[in-house]
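S.K.: Take this structure first; my questions come after.
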Amino acid sequence: MTAERSDEELLRAIAAQDVTALEALYARYGGLAFSLALRVTGNREMAEEVVQEAFLSAWRRGSTYEPGRGSARAWLLGVVHHRAIDLVRARISRGPTVVLDDIGELPGGGDPWPEVRQKLDRETIRGALVSLPDEQRRCIELAYFGGYSYPEIAEQLDVPLGTIKSRLRLGLQRMRSLLADETAPEARAT
Amino acid sequence: MTLEPLTMTCQEVDELAGAFALGALPAGEHEAVEEHLASCRRSDHMELRHLSETAALLPLLVPAAEPPANLGARIVAAALAERAAPSAGAAAEAVSAIVPFRARRPTAFPLALAAAVALVAIGLGAWGIAQRSALLAAREQEQRQSTVLALIGSSGTVLQTPGSATVPTALLVEPKAGGAAYLVQSWPPLDASRTYQAWYIAQGAQPVSAGVFSGSSGQLQAVQLAAPAQAAQAFAVTIEPAGGSAQPTSQPLFVRALTPG
């Protein structure tokens with residue numbers, strides 16, 4: 001069995017129109033991408049459309065991905081997320097906004113994200129999210145899973161725009177810090 | 001009326017780092033941040049990039065959902081269709097031209113005879129995209145894809161054939177209903193003295209011709225082939241003298257096992 005290509009290698013190959021790389025990237029992330037798109041749109045047909053367009057976007061624009069600016073995974077899932085949000089904002093159709101009580105099997109079967117799974121299990125990620133102050137967590141859920149823009153969230157919660165911007169930023173910063181602690185073995189071994 | 005594009009300072013971009021990472025910027029602001037990131041020479045905006053990585057962990061928290069089994073194949077087909085999209089200004093062609101299949105020695109190949117033999121040029125005619133608006137072009141592209149996708153979507157099995165120095169990747173489609181198989185390809189045409197010939201291969205038996213066909217001048221076409229016999233284990237294509245051969249006379253361009261995966 002040959003060594004698996006990294007996400008970044010796959011995106012580069014896709015940019016060079018290697019269709020086997022497109023297949024491999026779909027095998028790795030198709031399930032996760034579909035689960036995310038379905039979660040945001042609440043509609044299977046829309047989710048299919050989102051996933052297809054996101055992968056075709058990699059096919060068309062894979063060459064615009066710059067490794068120095070972040071992981072290929074974040075780039076691809078960002079494309080999926082943005083397309084899903086574009087649809088829900090345009091069509092006023094959203095999935096349910098409650099998220100954390102309903103975590104099922106890992107999305108999609110196949111081979112989702114092995115390197116992340118090694119370091120961070122979902123319970124850890126979930127734990128980091130639920131440990132945030134309620135108002136930060138609520139804003140992150142409304143934004144990411146609900147597809148609401150920060151002005152929409154400000155209106156919904158009746159708080160100033162600047163407050164929502166801060167909550168989103170501070171909430172993610174805190175999550176990042178919590179998860180960094182979790183993935184630093186030396187920090188706990190001593 | 002068009003709005004002036006927003007320009008942002010580094011500080012404004014940093015204040016929006018969380019909202020950007022979570023996709024929570026309204027239209028206009030998102031593009032303004034991206035534009036700033038692409039051209040900023042004062043800061044690498046690492047916080048924004050780090051927060052984007054953290055946000056990309058959130059999909060792991062969504063309930064699992066199984067995508068349709070053929071979604072991957074549809075994406076590959078659509079990608080192939082885009083690659084095969086005709087260049088601007090090429091001659092207009094019919095959307096669904098039916099070209100007679102050139103069956104070779106039908107008496108020797110009952111399977112091939114039984115299959116309705118026709119070369120179906122799917123709607124990838126060159127439509128002079130450059131002369132039309134971008135919107136119209138996009139719609140046409142969608143139509144072209146959807147014709148191929150309808151075939152793929154109705155299929156029981158879609159196998160991708162390996163590319164080679166001579167021909168790019170293609171898809172072998174066996175519709176659920178059985179009967180004919182289709183090779184969706186955009187292979188270069190051959191000169192008049194040669195033809196592509198498809199073969200089914202079973203262990204311990206001679207290859208059986210699945211049909212002969214010409215290339216497609218860069219357009220995506222679905223070539224109708226004979227249905228594979230039950231025992232067939234592999235699919236191959238060779239280049240043969242015009243009219244085809246009783247048995248392969250050249251090295252296969254590729255051999256693809258007839259099992260998914």
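Identifiers in this document derive from the order of the structure tokens: chains are assigned A, B, ..., residues are numbered from 1 separately in each chain, and ligands are numbered from 1 in order of occurrence.
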Skipping near chain neighbours, those fewer than 6 positions away, what residues fall within 6 Å of Ser216 in chain B using only C-alpha atoms, listed as number ranges by chain?
M.R.: B: 186-187, 189
S.K.: Please identify all polymer residues within 7 Å of Gly23 in chain B, counting only C-alpha atoms, omitting same-chain residues fewer than 6 positions from it, and present them as number ranges by chain.
M.R.: A: 82, 143-144
S.K.: Could you give me, as a PyMOL selection string, the residues within 10 Å of range 156-167 of chain B, counting only C-alpha atoms and dropping anything in the same chain fewer than 5 positions from it?
M.R.: (chain A and resi 18-20+23) or (chain B and resi 70+72-74+76-77+172-178+181-188+215+235-237+253-261)
S.K.: When the cut-off is 8 Å and we count only C-alpha atoms, which residues of chain B are near chain A, given as a ChimeraX atom specification?
M.R.: /B:15-19,22-26,49-67,71-72,74-76,78-80,83,169
S.K.: Between B:Ala81, B:Leu48, B:Leu37, B:Ala202, single out the one closest to Phe20 in chain B, counting only C-alpha atoms.
M.R.: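 Of B:Ala81, B:Leu48, B:Leu37, B:Ala202, the one nearest Phe20 in chain B, counting only C-alpha atoms, is B:Leu48.
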S.K.: Report, in Å with one decimal, the straight-line distance from CA of Gln136 in chain A to CA of Leu178 in chain A.
M.R.: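 If I compute the distance from CA of Gln136 in chain A to CA of Leu178 in chain A, I get 14.4 Å.
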S.K.: One decimal, Å: what's the distance from CA of Ala226 in chain B over to CA of Pro168 in chain B, could you say?
M.R.: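 Straight-line distance from CA of Ala226 in chain B to CA of Pro168 in chain B works out to 21.6 Å.
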S.K.: Please, what distance in Å, to one decimal, runs between CA of Thr195 in chain B and CA of Gln251 in chain B?
M.R.: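 Between CA of Thr195 in chain B and CA of Gln251 in chain B the gap works out to 13.7 Å.
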